[in-house]
>>> print(open('upload-v4.txt').read())   # compact mmCIF, N, CA and C atoms
# COMPACT_ATOMS: atom_id res chain seq x y z
N MET P 11 37.87 119.14 8.00
CA MET P 11 37.43 117.85 7.50
C MET P 11 38.41 116.77 7.97
N ARG P 12 37.87 115.66 8.35
CA ARG P 12 38.72 114.55 8.82
C ARG P 12 39.25 113.76 7.63
N THR P 13 40.47 113.32 7.74
CA THR P 13 41.05 112.47 6.71
C THR P 13 40.71 111.01 7.01
N HIS P 14 40.91 110.16 6.02
CA HIS P 14 40.69 108.74 6.24
C HIS P 14 41.62 108.22 7.34
N GLN P 15 42.83 108.73 7.38
CA GLN P 15 43.79 108.30 8.40
C GLN P 15 43.29 108.67 9.81
N GLU P 16 42.72 109.85 9.94
CA GLU P 16 42.18 110.26 11.24
C GLU P 16 40.99 109.41 11.66
N ILE P 17 40.12 109.11 10.70
CA ILE P 17 38.96 108.28 10.98
C ILE P 17 39.41 106.87 11.36
N ASP P 18 40.39 106.34 10.63
CA ASP P 18 40.91 105.01 10.93
C ASP P 18 41.57 104.97 12.30
N ALA P 19 42.31 106.02 12.64
CA ALA P 19 42.97 106.08 13.95
C ALA P 19 41.94 106.12 15.07
N ARG P 20 40.88 106.89 14.89
CA ARG P 20 39.83 106.95 15.91
C ARG P 20 39.13 105.60 16.04
N SER P 21 38.87 104.94 14.92
CA SER P 21 38.23 103.63 14.95
C SER P 21 39.11 102.61 15.66
N LEU P 22 40.40 102.64 15.39
CA LEU P 22 41.33 101.73 16.07
C LEU P 22 41.33 102.00 17.58
N ALA P 23 41.38 103.27 17.96
CA ALA P 23 41.37 103.61 19.38
C ALA P 23 40.07 103.15 20.05
N MET P 24 38.95 103.30 19.36
CA MET P 24 37.68 102.86 19.93
C MET P 24 37.66 101.33 20.05
N HIS P 25 38.23 100.66 19.07
CA HIS P 25 38.27 99.20 19.14
C HIS P 25 39.22 98.71 20.24
N ARG P 26 40.21 99.50 20.60
CA ARG P 26 41.05 99.15 21.75
C ARG P 26 40.20 99.17 23.02
N LEU P 27 39.35 100.17 23.13
CA LEU P 27 38.44 100.26 24.28
C LEU P 27 37.45 99.09 24.28
N ILE P 28 36.92 98.77 23.11
CA ILE P 28 36.01 97.63 22.98
C ILE P 28 36.73 96.34 23.36
N ALA P 29 37.96 96.17 22.89
CA ALA P 29 38.72 94.95 23.20
C ALA P 29 38.92 94.80 24.71
N GLU P 30 39.21 95.90 25.40
CA GLU P 30 39.37 95.84 26.85
C GLU P 30 38.08 95.35 27.51
N LYS P 31 36.96 95.87 27.04
CA LYS P 31 35.67 95.49 27.63
C LYS P 31 35.36 94.02 27.33
N VAL P 32 35.61 93.59 26.11
CA VAL P 32 35.33 92.20 25.73
C VAL P 32 36.24 91.25 26.50
N ARG P 33 37.48 91.65 26.74
CA ARG P 33 38.37 90.80 27.55
C ARG P 33 37.84 90.66 28.98
N ARG P 34 37.25 91.72 29.51
CA ARG P 34 36.66 91.64 30.85
C ARG P 34 35.37 90.83 30.86
N GLU P 35 34.63 90.90 29.74
CA GLU P 35 33.33 90.25 29.63
C GLU P 35 33.27 89.44 28.32
N PRO P 36 33.93 88.28 28.28
CA PRO P 36 33.99 87.49 27.05
C PRO P 36 32.63 87.10 26.47
N ALA P 37 31.60 87.08 27.29
CA ALA P 37 30.26 86.76 26.78
C ALA P 37 29.78 87.77 25.75
N LEU P 38 30.43 88.95 25.70
CA LEU P 38 30.05 89.96 24.72
C LEU P 38 30.33 89.50 23.28
N LEU P 39 31.17 88.48 23.13
CA LEU P 39 31.39 87.93 21.78
C LEU P 39 30.08 87.39 21.23
N GLU P 40 29.23 86.87 22.10
CA GLU P 40 27.93 86.36 21.64
C GLU P 40 27.06 87.50 21.11
N ALA P 41 27.18 88.67 21.71
CA ALA P 41 26.43 89.82 21.22
C ALA P 41 26.89 90.20 19.82
N ALA P 42 28.20 90.12 19.58
CA ALA P 42 28.74 90.42 18.25
C ALA P 42 28.25 89.39 17.24
N LYS P 43 28.20 88.13 17.64
CA LYS P 43 27.69 87.09 16.75
C LYS P 43 26.22 87.34 16.41
N ALA P 44 25.45 87.76 17.40
CA ALA P 44 24.03 88.06 17.18
C ALA P 44 23.88 89.25 16.23
N THR P 45 24.74 90.24 16.37
CA THR P 45 24.71 91.39 15.47
C THR P 45 24.96 90.94 14.04
N LEU P 46 25.97 90.10 13.85
CA LEU P 46 26.26 89.59 12.50
C LEU P 46 25.07 88.82 11.93
N ALA P 47 24.47 87.98 12.75
CA ALA P 47 23.31 87.21 12.28
C ALA P 47 22.18 88.14 11.86
N ARG P 48 21.94 89.18 12.65
CA ARG P 48 20.88 90.14 12.32
C ARG P 48 21.20 90.86 11.02
N TRP P 49 22.46 91.30 10.86
CA TRP P 49 22.86 91.99 9.63
C TRP P 49 22.68 91.10 8.41
N ARG P 50 23.05 89.83 8.56
CA ARG P 50 22.95 88.91 7.43
C ARG P 50 21.49 88.68 7.04
N SER P 51 20.59 88.72 8.01
CA SER P 51 19.18 88.49 7.70
C SER P 51 18.52 89.69 7.02
N ILE P 52 19.06 90.89 7.23
CA ILE P 52 18.45 92.09 6.65
C ILE P 52 19.36 92.82 5.67
N GLY P 53 20.62 92.39 5.58
CA GLY P 53 21.61 93.11 4.79
C GLY P 53 21.41 93.01 3.29
N ASP P 54 22.11 93.89 2.61
CA ASP P 54 22.04 93.91 1.15
C ASP P 54 23.17 93.08 0.52
N GLY P 55 24.00 92.51 1.33
CA GLY P 55 25.07 91.67 0.82
C GLY P 55 26.36 92.39 0.53
N SER P 56 26.37 93.71 0.56
CA SER P 56 27.59 94.45 0.22
C SER P 56 28.72 94.23 1.22
N THR P 57 28.38 93.89 2.44
CA THR P 57 29.42 93.64 3.45
C THR P 57 29.61 92.15 3.72
N ARG P 58 28.95 91.31 2.95
CA ARG P 58 29.00 89.86 3.20
C ARG P 58 30.43 89.32 3.35
N PRO P 59 31.39 89.70 2.49
CA PRO P 59 32.75 89.15 2.68
C PRO P 59 33.33 89.49 4.05
N TYR P 60 33.08 90.70 4.54
CA TYR P 60 33.57 91.09 5.86
C TYR P 60 32.79 90.37 6.95
N ASP P 61 31.49 90.26 6.77
CA ASP P 61 30.67 89.54 7.74
C ASP P 61 31.15 88.10 7.88
N GLU P 62 31.45 87.46 6.76
CA GLU P 62 31.92 86.08 6.79
C GLU P 62 33.28 85.97 7.48
N GLN P 63 34.16 86.95 7.23
CA GLN P 63 35.46 86.95 7.92
C GLN P 63 35.27 87.14 9.42
N TRP P 64 34.41 88.08 9.80
CA TRP P 64 34.15 88.30 11.23
C TRP P 64 33.57 87.05 11.87
N GLU P 65 32.67 86.39 11.16
CA GLU P 65 32.06 85.18 11.72
C GLU P 65 33.13 84.11 11.98
N ARG P 66 34.03 83.91 11.03
CA ARG P 66 35.11 82.94 11.21
C ARG P 66 35.98 83.31 12.41
N VAL P 67 36.34 84.58 12.49
CA VAL P 67 37.22 85.04 13.57
C VAL P 67 36.53 84.91 14.92
N LEU P 68 35.28 85.32 15.01
CA LEU P 68 34.54 85.21 16.27
C LEU P 68 34.46 83.76 16.72
N ASN P 69 34.31 82.85 15.78
CA ASN P 69 34.24 81.43 16.11
C ASN P 69 35.59 80.87 16.56
N GLU P 70 36.67 81.58 16.24
CA GLU P 70 38.00 81.16 16.69
C GLU P 70 38.26 81.58 18.14
N GLY P 71 37.46 82.49 18.65
CA GLY P 71 37.58 82.87 20.05
C GLY P 71 38.05 84.29 20.28
N LEU P 72 38.20 84.57 21.56
CA LEU P 72 38.49 85.93 22.02
C LEU P 72 39.78 86.50 21.45
N GLU P 73 40.87 85.79 21.60
CA GLU P 73 42.16 86.36 21.18
C GLU P 73 42.24 86.57 19.67
N ALA P 74 41.69 85.65 18.89
CA ALA P 74 41.68 85.83 17.44
C ALA P 74 40.85 87.05 17.06
N THR P 75 39.73 87.23 17.76
CA THR P 75 38.85 88.36 17.49
C THR P 75 39.54 89.68 17.83
N VAL P 76 40.16 89.74 19.00
CA VAL P 76 40.87 90.96 19.41
C VAL P 76 42.01 91.25 18.45
N ARG P 77 42.72 90.21 18.04
CA ARG P 77 43.85 90.40 17.13
C ARG P 77 43.40 91.09 15.83
N ILE P 78 42.29 90.63 15.26
CA ILE P 78 41.78 91.24 14.03
C ILE P 78 41.23 92.63 14.29
N ALA P 79 40.51 92.80 15.39
CA ALA P 79 39.93 94.11 15.70
C ALA P 79 40.99 95.19 15.88
N LEU P 80 42.18 94.78 16.33
CA LEU P 80 43.25 95.75 16.60
C LEU P 80 44.38 95.71 15.58
N GLU P 81 44.20 94.94 14.53
CA GLU P 81 45.25 94.83 13.52
C GLU P 81 45.50 96.19 12.86
N GLU P 82 46.76 96.60 12.88
CA GLU P 82 47.11 97.89 12.29
C GLU P 82 47.60 97.67 10.86
N SER P 83 46.62 97.52 9.98
CA SER P 83 46.90 97.28 8.57
C SER P 83 45.70 97.75 7.77
N GLU P 84 45.85 97.72 6.47
CA GLU P 84 44.73 98.07 5.61
C GLU P 84 43.56 97.11 5.84
N ARG P 85 43.89 95.84 5.98
CA ARG P 85 42.85 94.84 6.25
C ARG P 85 42.15 95.13 7.57
N GLY P 86 42.92 95.44 8.62
CA GLY P 86 42.33 95.75 9.91
C GLY P 86 41.40 96.95 9.83
N ALA P 87 41.83 97.99 9.12
CA ALA P 87 40.99 99.18 8.97
C ALA P 87 39.70 98.83 8.24
N ALA P 88 39.79 98.01 7.21
CA ALA P 88 38.59 97.61 6.46
C ALA P 88 37.66 96.78 7.34
N MET P 89 38.22 95.88 8.12
CA MET P 89 37.39 95.06 9.00
C MET P 89 36.68 95.92 10.05
N ARG P 90 37.37 96.92 10.58
CA ARG P 90 36.75 97.78 11.59
C ARG P 90 35.60 98.59 11.00
N GLN P 91 35.63 98.86 9.69
CA GLN P 91 34.52 99.60 9.07
C GLN P 91 33.24 98.80 9.08
N CYS P 92 33.35 97.48 9.17
CA CYS P 92 32.19 96.58 9.22
C CYS P 92 32.15 95.82 10.54
N SER P 93 32.61 96.44 11.57
CA SER P 93 32.74 95.80 12.87
C SER P 93 31.40 95.38 13.46
N PRO P 94 31.33 94.16 14.00
CA PRO P 94 30.09 93.71 14.62
C PRO P 94 29.96 94.13 16.08
N PHE P 95 30.70 95.16 16.49
CA PHE P 95 30.71 95.58 17.89
C PHE P 95 30.03 96.92 18.16
N PRO P 96 29.04 97.34 17.38
CA PRO P 96 28.49 98.68 17.61
C PRO P 96 27.78 98.85 18.94
N GLY P 97 27.23 97.80 19.51
CA GLY P 97 26.50 97.95 20.77
C GLY P 97 27.27 97.54 22.00
N ILE P 98 28.56 97.23 21.84
CA ILE P 98 29.34 96.75 22.98
C ILE P 98 29.57 97.86 24.00
N LEU P 99 29.89 99.05 23.53
CA LEU P 99 30.06 100.17 24.46
C LEU P 99 28.70 100.77 24.76
N ALA P 100 28.45 101.03 26.02
CA ALA P 100 27.23 101.73 26.41
C ALA P 100 27.31 103.15 25.84
N PRO P 101 26.17 103.79 25.60
CA PRO P 101 26.20 105.14 25.05
C PRO P 101 27.11 106.09 25.84
N ARG P 102 27.07 106.01 27.17
CA ARG P 102 27.92 106.91 27.96
C ARG P 102 29.40 106.62 27.75
N GLU P 103 29.76 105.33 27.56
CA GLU P 103 31.15 104.97 27.30
C GLU P 103 31.59 105.51 25.93
N ARG P 104 30.71 105.33 24.96
CA ARG P 104 31.03 105.79 23.59
C ARG P 104 31.16 107.32 23.56
N PHE P 105 30.22 108.03 24.17
CA PHE P 105 30.27 109.49 24.17
C PHE P 105 31.49 110.00 24.93
N ALA P 106 31.84 109.35 26.03
CA ALA P 106 33.03 109.76 26.79
C ALA P 106 34.28 109.56 25.93
N PHE P 107 34.35 108.44 25.21
CA PHE P 107 35.48 108.21 24.33
C PHE P 107 35.55 109.29 23.25
N LEU P 108 34.41 109.55 22.59
CA LEU P 108 34.41 110.53 21.50
C LEU P 108 34.77 111.93 21.98
N ARG P 109 34.29 112.28 23.16
CA ARG P 109 34.61 113.60 23.73
C ARG P 109 36.11 113.69 24.03
N ALA P 110 36.65 112.63 24.64
CA ALA P 110 38.09 112.63 24.96
C ALA P 110 38.92 112.64 23.69
N TRP P 111 38.48 111.89 22.68
CA TRP P 111 39.22 111.86 21.41
C TRP P 111 39.23 113.26 20.79
N LYS P 112 38.08 113.88 20.76
CA LYS P 112 37.98 115.22 20.17
C LYS P 112 38.86 116.21 20.92
N ASP P 113 38.79 116.16 22.25
CA ASP P 113 39.59 117.08 23.06
C ASP P 113 41.09 116.89 22.83
N SER P 114 41.51 115.65 22.63
CA SER P 114 42.94 115.40 22.49
C SER P 114 43.43 115.49 21.04
N HIS P 115 42.51 115.61 20.08
CA HIS P 115 42.91 115.65 18.68
C HIS P 115 42.44 116.86 17.93
N GLU P 116 41.91 117.84 18.66
CA GLU P 116 41.48 119.06 17.97
C GLU P 116 42.68 119.76 17.38
N THR P 117 42.48 120.25 16.18
CA THR P 117 43.56 120.98 15.51
C THR P 117 43.32 122.46 15.67
N ALA P 118 44.37 123.19 15.49
CA ALA P 118 44.28 124.65 15.59
C ALA P 118 43.41 125.17 14.44
N GLY P 119 42.76 126.26 14.67
CA GLY P 119 41.90 126.87 13.65
C GLY P 119 42.69 127.35 12.46
N PRO P 120 42.00 127.90 11.43
CA PRO P 120 42.65 128.34 10.20
C PRO P 120 43.69 129.39 10.37
>>> encode(input="upload-v4.txt", output="structure tokens")
Amino acid sequence: MRTHQEIDARSLAMHRLIAEKVRREPALLEAAKATLARWRSIGDGSTRPYDEQWERVLNEGLEATVRIALEESERGAAMRQCSPFPGILAPRERFAFLRAWKDSHETAGP
């Protein structure tokens, strides 16, 4: 079973990959904004405080967004749980990351 720390570490590592891609293609910030808008139109409101924080940060620009996405704190981990970047990585990029993560973090059996 994965611990919260392991899940948070994997999320941070994935967001590092996302940040690299967004730095290469800053227009992807617009995709994140569109994701937030879609969530707000259909959401139940439980993530609204995080959505509002993400919206403010995205409107501040690329570096502010990357800073929050990669923040190594309790706040950063919470923000990544409601990240507006789910479609930024192509499926092959995401699967390659997950496969590499699993290969490098597998623990020994019982």
>>> residues_around(input="upload-v4.txt", residues="range 49-64 of chain P", least_positions_apart="4", cutoff="8 Å", atoms="only C-alpha atoms", output="PyMOL selection string")
chain P and resi 45+68+75+89+92-94
>>> atom_distance(input="upload-v4.txt", atom1="CA of Ala23 in chain P", atom2="CA of Glu82 in chain P")
10.8 Å
>>> residues_around(input="upload-v4.txt", residues="Arg90 in chain P", least_positions_apart="4", cutoff="10 Å", atoms="only C-alpha atoms", output="list of chain:residue names")
P:Asp18, P:Ser21, P:Leu22, P:Met24, P:His25, P:Tyr60, P:Trp64, P:Ile78, P:Ala79, P:Leu80, P:Glu81, P:Glu84, P:Arg85, P:Gly86, P:Pro94, P:Phe95
>>> atom_distance(input="upload-v4.txt", atom1="CA of Ala37 in chain P", atom2="CA of Gly97 in chain P")
13.2 Å
>>> select_by_dssp(input="upload-v4.txt", residues="chain P", states="alpha helix (DSSP H)", output="ChimeraX atom specification")
/P:14-34,38-52,58-70,72-79,84-91,101-115
>>> closest_residue(input="upload-v4.txt", among="P:Glu103, P:Ala42, P:Glu65, P:Gln91", to="Ile17 in chain P", atoms="only C-alpha atoms")
P:Gln91
>>> closest_residue(input="upload-v4.txt", among="P:Glu116, P:Thr13, P:Ala19, P:Arg109", to="Ala87 in chain P", atoms="all atoms listed in the file")
P:Ala19
>>> closest_residue(input="upload-v4.txt", among="P:Ala88, P:Ala47, P:Leu72, P:Leu99", to="Arg33 in chain P", atoms="all atoms listed in the file")
P:Leu72
>>> atom_distance(input="upload-v4.txt", atom1="atom C of Ala29 in chain P", atom2="atom N of Ala100 in chain P")
12.3 Å
>>> axis_aligned_box(input="upload-v4.txt", around="range 96-115 of chain P", padding_each_side="4 Å", output="JSON")
{"center_x": 34.8, "center_y": 106.9, "center_z": 22.7, "size_x": 25.3, "size_y": 28.3, "size_z": 18.6}
>>> decode(input="upload-v4.txt", residues="range 71-111 of chain P", atoms="N, CA and C atoms", output="compact mmCIF listing (two decimals), in the first residue's frame")
# COMPACT_ATOMS: atom_id res chain seq x y z
N GLY P 71 0.72 34.32 -14.02
CA GLY P 71 1.67 33.94 -15.06
C GLY P 71 2.41 32.65 -14.80
N LEU P 72 3.29 32.37 -15.73
CA LEU P 72 4.01 31.09 -15.76
C LEU P 72 4.82 30.81 -14.51
N GLU P 73 5.67 31.74 -14.12
CA GLU P 73 6.57 31.46 -12.99
C GLU P 73 5.81 31.30 -11.68
N ALA P 74 4.78 32.10 -11.46
CA ALA P 74 3.98 31.96 -10.24
C ALA P 74 3.28 30.60 -10.23
N THR P 75 2.80 30.18 -11.39
CA THR P 75 2.12 28.89 -11.50
C THR P 75 3.08 27.74 -11.22
N VAL P 76 4.25 27.79 -11.83
CA VAL P 76 5.25 26.73 -11.62
C VAL P 76 5.68 26.70 -10.16
N ARG P 77 5.86 27.87 -9.57
CA ARG P 77 6.29 27.95 -8.17
C ARG P 77 5.29 27.21 -7.26
N ILE P 78 4.00 27.44 -7.46
CA ILE P 78 2.99 26.77 -6.64
C ILE P 78 2.91 25.29 -6.97
N ALA P 79 2.98 24.95 -8.24
CA ALA P 79 2.89 23.54 -8.65
C ALA P 79 4.02 22.70 -8.06
N LEU P 80 5.17 23.34 -7.83
CA LEU P 80 6.35 22.60 -7.34
C LEU P 80 6.68 22.90 -5.88
N GLU P 81 5.82 23.65 -5.22
CA GLU P 81 6.08 24.00 -3.82
C GLU P 81 6.12 22.74 -2.96
N GLU P 82 7.21 22.59 -2.22
CA GLU P 82 7.38 21.42 -1.36
C GLU P 82 6.93 21.77 0.05
N SER P 83 5.61 21.74 0.22
CA SER P 83 5.00 22.06 1.50
C SER P 83 3.65 21.37 1.56
N GLU P 84 3.03 21.46 2.71
CA GLU P 84 1.69 20.90 2.86
C GLU P 84 0.72 21.59 1.89
N ARG P 85 0.87 22.90 1.78
CA ARG P 85 0.02 23.66 0.86
C ARG P 85 0.25 23.20 -0.58
N GLY P 86 1.52 23.03 -0.98
CA GLY P 86 1.82 22.57 -2.33
C GLY P 86 1.21 21.21 -2.61
N ALA P 87 1.32 20.30 -1.64
CA ALA P 87 0.74 18.96 -1.82
C ALA P 87 -0.77 19.05 -1.97
N ALA P 88 -1.41 19.90 -1.19
CA ALA P 88 -2.86 20.06 -1.28
C ALA P 88 -3.25 20.65 -2.63
N MET P 89 -2.50 21.63 -3.09
CA MET P 89 -2.80 22.24 -4.39
C MET P 89 -2.65 21.23 -5.52
N ARG P 90 -1.63 20.38 -5.44
CA ARG P 90 -1.43 19.38 -6.50
C ARG P 90 -2.56 18.37 -6.53
N GLN P 91 -3.23 18.14 -5.40
CA GLN P 91 -4.36 17.20 -5.40
C GLN P 91 -5.53 17.72 -6.22
N CYS P 92 -5.59 19.03 -6.42
CA CYS P 92 -6.65 19.66 -7.21
C CYS P 92 -6.05 20.37 -8.43
N SER P 93 -4.99 19.83 -8.94
CA SER P 93 -4.25 20.46 -10.03
C SER P 93 -5.08 20.58 -11.31
N PRO P 94 -5.02 21.74 -11.96
CA PRO P 94 -5.74 21.91 -13.22
C PRO P 94 -4.95 21.43 -14.43
N PHE P 95 -3.96 20.57 -14.22
CA PHE P 95 -3.09 20.13 -15.31
C PHE P 95 -3.27 18.67 -15.73
N PRO P 96 -4.45 18.08 -15.57
CA PRO P 96 -4.55 16.65 -15.88
C PRO P 96 -4.35 16.30 -17.34
N GLY P 97 -4.64 17.20 -18.26
CA GLY P 97 -4.50 16.87 -19.68
C GLY P 97 -3.24 17.40 -20.32
N ILE P 98 -2.34 17.97 -19.52
CA ILE P 98 -1.13 18.58 -20.10
C ILE P 98 -0.19 17.52 -20.66
N LEU P 99 -0.01 16.43 -19.94
CA LEU P 99 0.83 15.35 -20.45
C LEU P 99 -0.01 14.47 -21.37
N ALA P 100 0.54 14.14 -22.51
CA ALA P 100 -0.11 13.19 -23.40
C ALA P 100 -0.14 11.83 -22.70
N PRO P 101 -1.10 10.98 -23.04
CA PRO P 101 -1.17 9.68 -22.38
C PRO P 101 0.16 8.92 -22.41
N ARG P 102 0.87 8.96 -23.53
CA ARG P 102 2.15 8.23 -23.59
C ARG P 102 3.18 8.83 -22.64
N GLU P 103 3.16 10.17 -22.47
CA GLU P 103 4.08 10.82 -21.53
C GLU P 103 3.75 10.41 -20.10
N ARG P 104 2.46 10.43 -19.80
CA ARG P 104 2.01 10.08 -18.44
C ARG P 104 2.34 8.61 -18.13
N PHE P 105 2.04 7.71 -19.05
CA PHE P 105 2.31 6.29 -18.83
C PHE P 105 3.81 6.03 -18.71
N ALA P 106 4.61 6.71 -19.52
CA ALA P 106 6.07 6.54 -19.43
C ALA P 106 6.56 7.01 -18.06
N PHE P 107 6.04 8.14 -17.58
CA PHE P 107 6.42 8.62 -16.26
C PHE P 107 6.03 7.61 -15.20
N LEU P 108 4.78 7.13 -15.23
CA LEU P 108 4.32 6.20 -14.20
C LEU P 108 5.10 4.90 -14.22
N ARG P 109 5.43 4.42 -15.40
CA ARG P 109 6.23 3.19 -15.52
C ARG P 109 7.63 3.40 -14.93
N ALA P 110 8.25 4.53 -15.28
CA ALA P 110 9.58 4.83 -14.75
C ALA P 110 9.54 5.02 -13.24
N TRP P 111 8.50 5.69 -12.76
CA TRP P 111 8.37 5.90 -11.31
C TRP P 111 8.25 4.55 -10.60
